[in-house]
Amino acid sequence: MLSMKKFIVVIVILSVIAVVAYVKLSAGKSADPRGPAYAGSLTCARCHSEVYHSYLHTAHYLASSAASSKTVHGSFSAGSNTFEFDHTRKIVMQKKDSGMFQTYFVNGKVKESHRFDIVFGGVKGESYLYWKGDGLNQLPISYYAKQDEWLISPRYAPEVVDFTRVITSRCLECHASYIGDQPDAPQGLDGVELFNKSSLVYSVDCERCHGPGAQHVDFQTHNPQIKTARFISTYASLPRARKIEVCAVCHSGNKSEMLRSTFFFKPGDTLAKFKIAGFYSQVNDTSHLDVHGNQVQLLQSSKCFIYSKMDCATCHDVHQNQRGNVAFYTQKCLSCHSAANHNYCKMATVSNSALIKSNCIQCHMPAFASQAIVAPNMNKTYSATIAVHTHHIAIYPQEAKKILLMFGK
């Protein structure tokens, strides 16, 4: 009887030791793939719930997501789920028990079929990636919101069915917050990068712009009486040049030679350590800058920027969905520019002055077609261009005339 009691005691002691060891081991292991310095957005949401839930509706949050019926918005209904290249070739969007697929048919026979795994974008349109082993490829058909159609993915040749376009970490650096390489595995050939799938952090999350937050969370949790944020970067605290560079990580184009991955960029860093210097220089010739990717250069070439202290956050609050809110942006303009100044506008008259004053953005930052996001439709009769407001703030007489004609002025 005594030996049985001793046995039970020993078992209990060993169990306690095992639990304590497990807890300590778990505490030392970060749940975030980026390491123990990162807390993860859901941790941020505990204290910043209102900001977090507002952010869920922004383009930055929608930059990438796992493919699901909630994130893939194109129709899978018969008659609306097919892209025909010609009378013999077509891609059909299909829903199966194992997921959603783009299936390529030639003369009615399946040539190949790949699953929607990752969604890029969710505002003007969506493009899709699929896992090929530990590498990522793009699917040849994308969804365009304005047309509400399945059309050829950007920059694909209209007559070629291609499932082999490789997606690199450079693409993910602006559409996601992190992905690591496949550990201890040789990288693939022909530019194919092999990733650690489980390390993917979707969307542009809190810590991508504010820096690692674990120390901040720990300090504020144990010192709730201190209301001033510690151990975290705030945009407002940065000097102007560093503020611009936080946004320039992704909004300064994709043609610069890279020195290292921008996944490791933190607020306060200089982007010249990651991209070849010169990306941020003011540009006089804006005709070669695409409205999709070069917003920083376009803004810096504007008189509004040159002769003021404005930065990106002067007009944009990245925590809120402000898309299409013309009245909001008009007020941003009028906060610096007196409405009375429009008496000097050559197109202003007594009858149209009110209209002109309420259309600052349409006249001075018109939406132009991006040459970076363009795809022919199945009939090849027009391009599914994506219009983006230019950040080169200037006088565009032709655009102003369009506004006046639109309203019969």
# chains A, B, ... in the order shown; residues from 1 in each chain; ligands from 1
call {"tool": "select_by_dssp", "arguments": {"residues": "region 86-194 of chain A", "states": "strand (DSSP E)", "output": "PyMOL selection string"}}
result
chain A and resi 89-96+99-106+109-115+118-120+125-132+135-138+141-144+149-152+166-167+176-181
call {"tool": "write_last_selection", "arguments": {"atoms": "N, CA and C atoms", "output": "short mmCIF file (atom, residue, chain, number, x, y, z; two decimals), in the first residue's frame"}}
result
data_model
loop_
_atom_site.label_atom_id
_atom_site.label_comp_id
_atom_site.auth_asym_id
_atom_site.auth_seq_id
_atom_site.Cartn_x
_atom_site.Cartn_y
_atom_site.Cartn_z
N ARG A 89 -10.21 26.47 -76.57
CA ARG A 89 -9.53 26.59 -75.27
C ARG A 89 -10.31 27.50 -74.33
N LYS A 90 -10.42 27.07 -73.09
CA LYS A 90 -11.10 27.89 -72.09
C LYS A 90 -10.62 27.51 -70.69
N ILE A 91 -10.77 28.46 -69.78
CA ILE A 91 -10.51 28.20 -68.36
C ILE A 91 -11.82 28.37 -67.63
N VAL A 92 -12.16 27.38 -66.83
CA VAL A 92 -13.41 27.39 -66.07
C VAL A 92 -13.10 27.47 -64.58
N MET A 93 -13.77 28.40 -63.90
CA MET A 93 -13.64 28.54 -62.46
C MET A 93 -14.60 27.55 -61.80
N GLN A 94 -14.04 26.64 -61.01
CA GLN A 94 -14.84 25.55 -60.45
C GLN A 94 -14.71 25.48 -58.92
N LYS A 95 -15.81 25.11 -58.30
CA LYS A 95 -15.80 24.83 -56.86
C LYS A 95 -15.90 23.32 -56.66
N LYS A 96 -14.93 22.80 -55.88
CA LYS A 96 -14.93 21.37 -55.57
C LYS A 96 -14.85 21.21 -54.06
N GLY A 99 -11.69 22.67 -52.68
CA GLY A 99 -11.41 24.08 -52.86
C GLY A 99 -11.92 24.62 -54.18
N MET A 100 -11.45 25.82 -54.53
CA MET A 100 -11.81 26.46 -55.80
C MET A 100 -10.65 26.31 -56.77
N PHE A 101 -10.96 26.08 -58.03
CA PHE A 101 -9.93 25.78 -59.02
C PHE A 101 -10.13 26.56 -60.31
N GLN A 102 -9.00 26.84 -60.98
CA GLN A 102 -9.03 27.28 -62.37
C GLN A 102 -8.61 26.07 -63.20
N THR A 103 -9.54 25.58 -64.02
CA THR A 103 -9.31 24.37 -64.80
C THR A 103 -9.25 24.71 -66.28
N TYR A 104 -8.18 24.28 -66.91
CA TYR A 104 -7.92 24.59 -68.32
C TYR A 104 -8.39 23.42 -69.19
N PHE A 105 -9.31 23.72 -70.12
CA PHE A 105 -9.83 22.72 -71.04
C PHE A 105 -9.34 23.00 -72.46
N VAL A 106 -8.94 21.94 -73.15
CA VAL A 106 -8.61 22.02 -74.57
C VAL A 106 -9.46 20.98 -75.29
N LYS A 109 -11.33 18.63 -73.01
CA LYS A 109 -10.58 17.76 -72.11
C LYS A 109 -9.72 18.59 -71.15
N VAL A 110 -9.65 18.13 -69.90
CA VAL A 110 -8.87 18.85 -68.89
C VAL A 110 -7.39 18.75 -69.20
N LYS A 111 -6.76 19.93 -69.35
CA LYS A 111 -5.32 19.98 -69.60
C LYS A 111 -4.57 20.09 -68.28
N GLU A 112 -5.01 21.00 -67.41
CA GLU A 112 -4.46 21.13 -66.06
C GLU A 112 -5.43 21.91 -65.20
N SER A 113 -5.27 21.76 -63.88
CA SER A 113 -6.17 22.42 -62.94
C SER A 113 -5.41 22.77 -61.68
N HIS A 114 -5.57 24.04 -61.22
CA HIS A 114 -4.84 24.49 -60.03
C HIS A 114 -5.77 25.26 -59.11
N ARG A 115 -5.51 25.13 -57.83
CA ARG A 115 -6.40 25.67 -56.82
C ARG A 115 -6.11 27.14 -56.52
N ILE A 118 -4.16 31.73 -52.63
CA ILE A 118 -3.93 33.05 -52.04
C ILE A 118 -4.56 34.11 -52.93
N VAL A 119 -5.17 35.10 -52.30
CA VAL A 119 -5.77 36.23 -53.02
C VAL A 119 -4.89 37.46 -52.84
N PHE A 120 -4.55 38.12 -53.92
CA PHE A 120 -3.88 39.42 -53.89
C PHE A 120 -4.92 40.48 -54.23
N GLY A 125 -9.77 44.90 -57.82
CA GLY A 125 -9.78 43.58 -58.43
C GLY A 125 -8.99 42.60 -57.58
N GLU A 126 -8.90 41.38 -58.06
CA GLU A 126 -8.19 40.34 -57.33
C GLU A 126 -7.39 39.49 -58.31
N SER A 127 -6.19 39.13 -57.91
CA SER A 127 -5.42 38.16 -58.65
C SER A 127 -5.10 37.03 -57.69
N TYR A 128 -4.76 35.86 -58.24
CA TYR A 128 -4.71 34.67 -57.39
C TYR A 128 -3.42 33.89 -57.59
N LEU A 129 -2.97 33.26 -56.50
CA LEU A 129 -1.76 32.45 -56.51
C LEU A 129 -2.10 31.03 -56.11
N TYR A 130 -1.29 30.09 -56.58
CA TYR A 130 -1.43 28.71 -56.13
C TYR A 130 -0.07 28.16 -55.73
N TRP A 131 -0.10 27.26 -54.76
CA TRP A 131 1.13 26.63 -54.30
C TRP A 131 1.51 25.51 -55.27
N LYS A 132 2.75 25.57 -55.73
CA LYS A 132 3.32 24.49 -56.53
C LYS A 132 4.49 23.94 -55.73
N GLY A 135 6.79 26.46 -53.82
CA GLY A 135 6.87 27.70 -54.60
C GLY A 135 5.49 28.23 -54.90
N LEU A 136 5.43 29.48 -55.34
CA LEU A 136 4.15 30.11 -55.66
C LEU A 136 4.11 30.51 -57.13
N ASN A 137 2.99 30.23 -57.77
CA ASN A 137 2.74 30.66 -59.14
C ASN A 137 1.44 31.46 -59.19
N GLN A 138 1.33 32.30 -60.21
CA GLN A 138 0.10 33.08 -60.38
C GLN A 138 -0.85 32.35 -61.32
N ILE A 141 -6.06 33.79 -64.72
CA ILE A 141 -7.31 34.55 -64.76
C ILE A 141 -7.51 35.29 -63.44
N SER A 142 -7.86 36.57 -63.53
CA SER A 142 -8.11 37.41 -62.36
C SER A 142 -9.54 37.94 -62.42
N TYR A 143 -9.98 38.51 -61.31
CA TYR A 143 -11.31 39.13 -61.24
C TYR A 143 -11.17 40.63 -61.20
N TYR A 144 -11.89 41.33 -62.08
CA TYR A 144 -11.86 42.79 -62.14
C TYR A 144 -13.20 43.33 -61.65
N GLU A 149 -16.00 40.87 -64.02
CA GLU A 149 -15.72 39.79 -64.95
C GLU A 149 -14.42 39.08 -64.58
N TRP A 150 -14.34 37.81 -65.01
CA TRP A 150 -13.08 37.09 -65.02
C TRP A 150 -12.35 37.49 -66.30
N LEU A 151 -11.14 38.04 -66.16
CA LEU A 151 -10.35 38.44 -67.32
C LEU A 151 -8.91 37.99 -67.13
N ILE A 152 -8.14 38.10 -68.17
CA ILE A 152 -6.74 37.68 -68.12
C ILE A 152 -5.99 38.47 -67.06
N VAL A 166 6.07 32.77 -62.01
CA VAL A 166 6.58 32.59 -60.64
C VAL A 166 6.34 33.85 -59.82
N ILE A 167 5.90 33.67 -58.60
CA ILE A 167 5.74 34.76 -57.65
C ILE A 167 6.91 34.70 -56.66
N ALA A 176 2.01 41.25 -48.44
CA ALA A 176 1.91 40.51 -47.18
C ALA A 176 2.85 41.15 -46.17
N SER A 177 2.84 40.63 -44.96
CA SER A 177 3.71 41.18 -43.92
C SER A 177 4.97 40.36 -43.71
N TYR A 178 4.91 39.08 -44.12
CA TYR A 178 6.12 38.27 -43.97
C TYR A 178 5.91 36.90 -44.60
N ILE A 179 6.98 36.36 -45.13
CA ILE A 179 7.08 34.94 -45.44
C ILE A 179 8.55 34.56 -45.40
N GLY A 180 8.85 33.43 -44.81
CA GLY A 180 10.23 32.98 -44.70
C GLY A 180 10.55 31.94 -45.76
N ASP A 181 11.85 31.77 -46.02
CA ASP A 181 12.29 30.73 -46.94
C ASP A 181 12.09 29.36 -46.32
#
call {"tool": "select_by_dssp", "arguments": {"residues": "region 94-340 of chain A", "states": "helix (DSSP H, G or I)", "output": "NGL selection string"}}
result
:A and (169-175 or 206-210 or 214-222 or 235-237 or 240-251 or 262-264 or 271-273 or 286-288 or 295-300 or 303-306 or 312-314 or 326-334 or 339-340)
call {"tool": "closest_residue", "arguments": {"among": "A:Val161, A:Leu56, A:Leu289, A:Val318", "to": "Asp86 (chain A)", "atoms": "only C-alpha atoms"}}
result
A:Val161
call {"tool": "residues_around", "arguments": {"residues": "Ala214 (chain A)", "least_positions_apart": "4", "cutoff": "7 Å", "atoms": "only C-alpha atoms", "output": "short mmCIF file (atom, residue, chain, number, x, y, z; two decimals) with C-alpha atoms, in the first residue's frame"}}
result
data_model
loop_
_atom_site.label_atom_id
_atom_site.label_comp_id
_atom_site.auth_asym_id
_atom_site.auth_seq_id
_atom_site.Cartn_x
_atom_site.Cartn_y
_atom_site.Cartn_z
CA ALA A 37 9.77 40.54 -30.89
CA TYR A 38 6.39 40.47 -32.67
CA ALA A 39 3.02 40.27 -30.94
CA ASP A 218 4.37 43.59 -22.27
#
call {"tool": "residues_around", "arguments": {"residues": "Cys47 (chain A)", "least_positions_apart": "4", "cutoff": "10 Å", "atoms": "only C-alpha atoms", "output": "PyMOL selection string"}}
result
chain A and resi 42-43+51-52+217+220-221
call {"tool": "residues_around", "arguments": {"residues": "Met310 (chain A)", "least_positions_apart": "3", "cutoff": "12 Å", "atoms": "only C-alpha atoms", "output": "PDB file with N, CA and C atoms, in the first residue's frame"}}
result
ATOM      1  N   PRO A 239      10.422  62.001 -38.174  1.00  0.00           N
ATOM      2  CA  PRO A 239      10.641  63.192 -39.012  1.00  0.00           C
ATOM      3  C   PRO A 239      10.041  62.963 -40.385  1.00  0.00           C
ATOM      4  N   ARG A 240       9.815  64.049 -41.113  1.00  0.00           N
ATOM      5  CA  ARG A 240       9.088  63.970 -42.378  1.00  0.00           C
ATOM      6  C   ARG A 240       9.674  62.947 -43.353  1.00  0.00           C
ATOM      7  N   ALA A 241      10.969  62.960 -43.514  1.00  0.00           N
ATOM      8  CA  ALA A 241      11.596  62.050 -44.484  1.00  0.00           C
ATOM      9  C   ALA A 241      11.353  60.595 -44.118  1.00  0.00           C
ATOM     10  N   LYS A 243       8.820  59.490 -42.311  1.00  0.00           N
ATOM     11  CA  LYS A 243       7.394  59.219 -42.518  1.00  0.00           C
ATOM     12  C   LYS A 243       7.152  58.774 -43.959  1.00  0.00           C
ATOM     13  N   ILE A 244       7.711  59.559 -44.890  1.00  0.00           N
ATOM     14  CA  ILE A 244       7.525  59.262 -46.307  1.00  0.00           C
ATOM     15  C   ILE A 244       8.060  57.875 -46.637  1.00  0.00           C
ATOM     16  N   LEU A 299       4.077  62.460 -55.760  1.00  0.00           N
ATOM     17  CA  LEU A 299       3.775  63.453 -54.723  1.00  0.00           C
ATOM     18  C   LEU A 299       4.937  64.419 -54.539  1.00  0.00           C
ATOM     19  N   GLN A 300       6.142  63.896 -54.508  1.00  0.00           N
ATOM     20  CA  GLN A 300       7.314  64.736 -54.262  1.00  0.00           C
ATOM     21  C   GLN A 300       7.603  65.685 -55.417  1.00  0.00           C
ATOM     22  N   SER A 302       5.249  67.419 -56.760  1.00  0.00           N
ATOM     23  CA  SER A 302       4.140  68.378 -56.716  1.00  0.00           C
ATOM     24  C   SER A 302       4.510  69.615 -55.910  1.00  0.00           C
ATOM     25  N   LYS A 303       4.036  70.778 -56.353  1.00  0.00           N
ATOM     26  CA  LYS A 303       4.287  72.019 -55.615  1.00  0.00           C
ATOM     27  C   LYS A 303       3.691  71.967 -54.216  1.00  0.00           C
ATOM     28  N   CYS A 304       2.552  71.288 -54.076  1.00  0.00           N
ATOM     29  CA  CYS A 304       1.938  71.160 -52.753  1.00  0.00           C
ATOM     30  C   CYS A 304       2.916  70.538 -51.762  1.00  0.00           C
ATOM     31  N   PHE A 305       3.675  69.569 -52.227  1.00  0.00           N
ATOM     32  CA  PHE A 305       4.645  68.907 -51.362  1.00  0.00           C
ATOM     33  C   PHE A 305       5.896  69.759 -51.179  1.00  0.00           C
ATOM     34  N   ILE A 306       6.394  70.289 -52.273  1.00  0.00           N
ATOM     35  CA  ILE A 306       7.668  71.024 -52.247  1.00  0.00           C
ATOM     36  C   ILE A 306       7.583  72.255 -51.354  1.00  0.00           C
ATOM     37  N   TYR A 307       6.432  72.949 -51.394  1.00  0.00           N
ATOM     38  CA  TYR A 307       6.313  74.208 -50.652  1.00  0.00           C
ATOM     39  C   TYR A 307       5.493  74.078 -49.368  1.00  0.00           C
ATOM     40  N   ALA A 313       0.293  61.140 -44.505  1.00  0.00           N
ATOM     41  CA  ALA A 313      -0.797  61.136 -43.526  1.00  0.00           C
ATOM     42  C   ALA A 313      -1.537  62.468 -43.459  1.00  0.00           C
ATOM     43  N   THR A 314      -1.035  63.492 -44.129  1.00  0.00           N
ATOM     44  CA  THR A 314      -1.773  64.749 -44.196  1.00  0.00           C
ATOM     45  C   THR A 314      -3.148  64.523 -44.810  1.00  0.00           C
ATOM     46  N   CYS A 315      -3.198  63.603 -45.770  1.00  0.00           N
ATOM     47  CA  CYS A 315      -4.469  63.326 -46.451  1.00  0.00           C
ATOM     48  C   CYS A 315      -5.017  61.926 -46.170  1.00  0.00           C
ATOM     49  N   HIS A 316      -4.138  60.987 -45.833  1.00  0.00           N
ATOM     50  CA  HIS A 316      -4.567  59.596 -45.680  1.00  0.00           C
ATOM     51  C   HIS A 316      -4.522  59.136 -44.227  1.00  0.00           C
ATOM     52  N   LYS A 332      -9.632  68.167 -47.182  1.00  0.00           N
ATOM     53  CA  LYS A 332      -8.186  68.116 -46.951  1.00  0.00           C
ATOM     54  C   LYS A 332      -7.485  69.187 -47.777  1.00  0.00           C
ATOM     55  N   CYS A 333      -7.916  69.345 -49.022  1.00  0.00           N
ATOM     56  CA  CYS A 333      -7.331  70.371 -49.880  1.00  0.00           C
ATOM     57  C   CYS A 333      -7.630  71.766 -49.335  1.00  0.00           C
ATOM     58  N   SER A 335      -8.256  72.691 -46.410  1.00  0.00           N
ATOM     59  CA  SER A 335      -7.641  73.004 -45.121  1.00  0.00           C
ATOM     60  C   SER A 335      -6.348  73.795 -45.301  1.00  0.00           C
ATOM     61  N   CYS A 336      -5.758  73.686 -46.499  1.00  0.00           N
ATOM     62  CA  CYS A 336      -4.551  74.461 -46.816  1.00  0.00           C
ATOM     63  C   CYS A 336      -4.841  75.563 -47.836  1.00  0.00           C
TER      64      CYS A 336
END
call {"tool": "atom_distance", "arguments": {"atom1": "CA of Gly35 (chain A)", "atom2": "CA of Asn254 (chain A)"}}
result
27.2 Å
call {"tool": "decode", "arguments": {"residues": "region 68-179 of chain A", "atoms": "C-alpha atoms", "output": "compact mmCIF listing (two decimals), in the first residue's frame"}}
result
# COMPACT_ATOMS: atom_id res chain seq x y z
CA SER A 68 -12.10 31.32 -49.61
CA SER A 69 -15.69 31.92 -50.66
CA LYS A 70 -15.49 35.20 -48.71
CA THR A 71 -12.31 36.50 -50.35
CA VAL A 72 -12.80 35.34 -53.97
CA HIS A 73 -15.56 37.50 -55.46
CA GLY A 74 -15.84 36.31 -59.05
CA SER A 75 -18.86 34.22 -60.01
CA PHE A 76 -18.66 30.41 -60.10
CA SER A 77 -22.16 30.10 -61.59
CA ALA A 78 -22.54 28.38 -64.95
CA GLY A 79 -22.39 30.92 -67.75
CA SER A 80 -20.37 33.42 -65.68
CA ASN A 81 -17.44 31.24 -64.63
CA THR A 82 -15.69 30.74 -67.96
CA PHE A 83 -12.99 32.62 -69.83
CA GLU A 84 -12.73 31.51 -73.46
CA PHE A 85 -9.48 32.04 -75.34
CA ASP A 86 -10.92 30.65 -78.58
CA HIS A 87 -13.41 27.97 -79.64
CA THR A 88 -11.06 25.18 -78.47
CA ARG A 89 -9.53 26.59 -75.27
CA LYS A 90 -11.10 27.89 -72.09
CA ILE A 91 -10.51 28.20 -68.36
CA VAL A 92 -13.41 27.39 -66.07
CA MET A 93 -13.64 28.54 -62.46
CA GLN A 94 -14.84 25.55 -60.45
CA LYS A 95 -15.80 24.83 -56.86
CA LYS A 96 -14.93 21.37 -55.57
CA ASP A 97 -14.86 19.72 -52.16
CA SER A 98 -11.11 20.39 -51.99
CA GLY A 99 -11.41 24.08 -52.86
CA MET A 100 -11.81 26.46 -55.80
CA PHE A 101 -9.93 25.78 -59.02
CA GLN A 102 -9.03 27.28 -62.37
CA THR A 103 -9.31 24.37 -64.80
CA TYR A 104 -7.92 24.59 -68.32
CA PHE A 105 -9.83 22.72 -71.04
CA VAL A 106 -8.61 22.02 -74.57
CA ASN A 107 -11.24 20.57 -76.91
CA GLY A 108 -13.35 19.67 -73.90
CA LYS A 109 -10.58 17.76 -72.11
CA VAL A 110 -8.87 18.85 -68.89
CA LYS A 111 -5.32 19.98 -69.60
CA GLU A 112 -4.46 21.13 -66.06
CA SER A 113 -6.17 22.42 -62.94
CA HIS A 114 -4.84 24.49 -60.03
CA ARG A 115 -6.40 25.67 -56.82
CA PHE A 116 -7.02 29.23 -55.65
CA ASP A 117 -4.73 29.36 -52.60
CA ILE A 118 -3.93 33.05 -52.04
CA VAL A 119 -5.77 36.23 -53.02
CA PHE A 120 -3.88 39.42 -53.89
CA GLY A 121 -6.05 42.55 -53.63
CA GLY A 122 -9.74 43.01 -52.95
CA VAL A 123 -10.70 46.54 -53.97
CA LYS A 124 -10.24 47.24 -57.69
CA GLY A 125 -9.78 43.58 -58.43
CA GLU A 126 -8.19 40.34 -57.33
CA SER A 127 -5.42 38.16 -58.65
CA TYR A 128 -4.71 34.67 -57.39
CA LEU A 129 -1.76 32.45 -56.51
CA TYR A 130 -1.43 28.71 -56.13
CA TRP A 131 1.13 26.63 -54.30
CA LYS A 132 3.32 24.49 -56.53
CA GLY A 133 5.17 22.49 -53.94
CA ASP A 134 6.85 25.15 -51.78
CA GLY A 135 6.87 27.70 -54.60
CA LEU A 136 4.15 30.11 -55.66
CA ASN A 137 2.74 30.66 -59.14
CA GLN A 138 0.10 33.08 -60.38
CA LEU A 139 -3.14 31.89 -61.92
CA PRO A 140 -3.78 33.24 -65.44
CA ILE A 141 -7.31 34.55 -64.76
CA SER A 142 -8.11 37.41 -62.36
CA TYR A 143 -11.31 39.13 -61.24
CA TYR A 144 -11.86 42.79 -62.14
CA ALA A 145 -14.37 44.54 -59.90
CA LYS A 146 -15.35 47.39 -62.25
CA GLN A 147 -16.10 45.02 -65.12
CA ASP A 148 -17.40 42.33 -62.71
CA GLU A 149 -15.72 39.79 -64.95
CA TRP A 150 -13.08 37.09 -65.02
CA LEU A 151 -10.35 38.44 -67.32
CA ILE A 152 -6.74 37.68 -68.12
CA SER A 153 -4.36 38.45 -65.27
CA PRO A 154 -2.29 41.66 -65.61
CA ARG A 155 0.52 41.56 -68.16
CA TYR A 156 -0.43 38.14 -69.53
CA ALA A 157 -0.45 37.70 -73.29
CA PRO A 158 -4.10 37.41 -74.39
CA GLU A 159 -3.59 34.29 -76.51
CA VAL A 160 -1.32 32.32 -74.13
CA VAL A 161 -2.54 30.11 -71.28
CA ASP A 162 0.24 30.27 -68.71
CA PHE A 163 0.19 28.72 -65.22
CA THR A 164 3.98 29.04 -64.80
CA ARG A 165 4.44 32.70 -63.80
CA VAL A 166 6.58 32.59 -60.64
CA ILE A 167 5.74 34.76 -57.65
CA THR A 168 8.80 35.86 -55.68
CA SER A 169 9.27 37.28 -52.20
CA ARG A 170 9.48 40.73 -53.82
CA CYS A 171 5.77 40.49 -54.69
CA LEU A 172 4.93 39.36 -51.18
CA GLU A 173 6.93 42.18 -49.59
CA CYS A 174 4.14 44.60 -50.54
CA HIS A 175 1.15 42.27 -50.47
CA ALA A 176 1.91 40.51 -47.18
CA SER A 177 3.71 41.18 -43.92
CA TYR A 178 6.12 38.27 -43.97
CA ILE A 179 7.08 34.94 -45.44
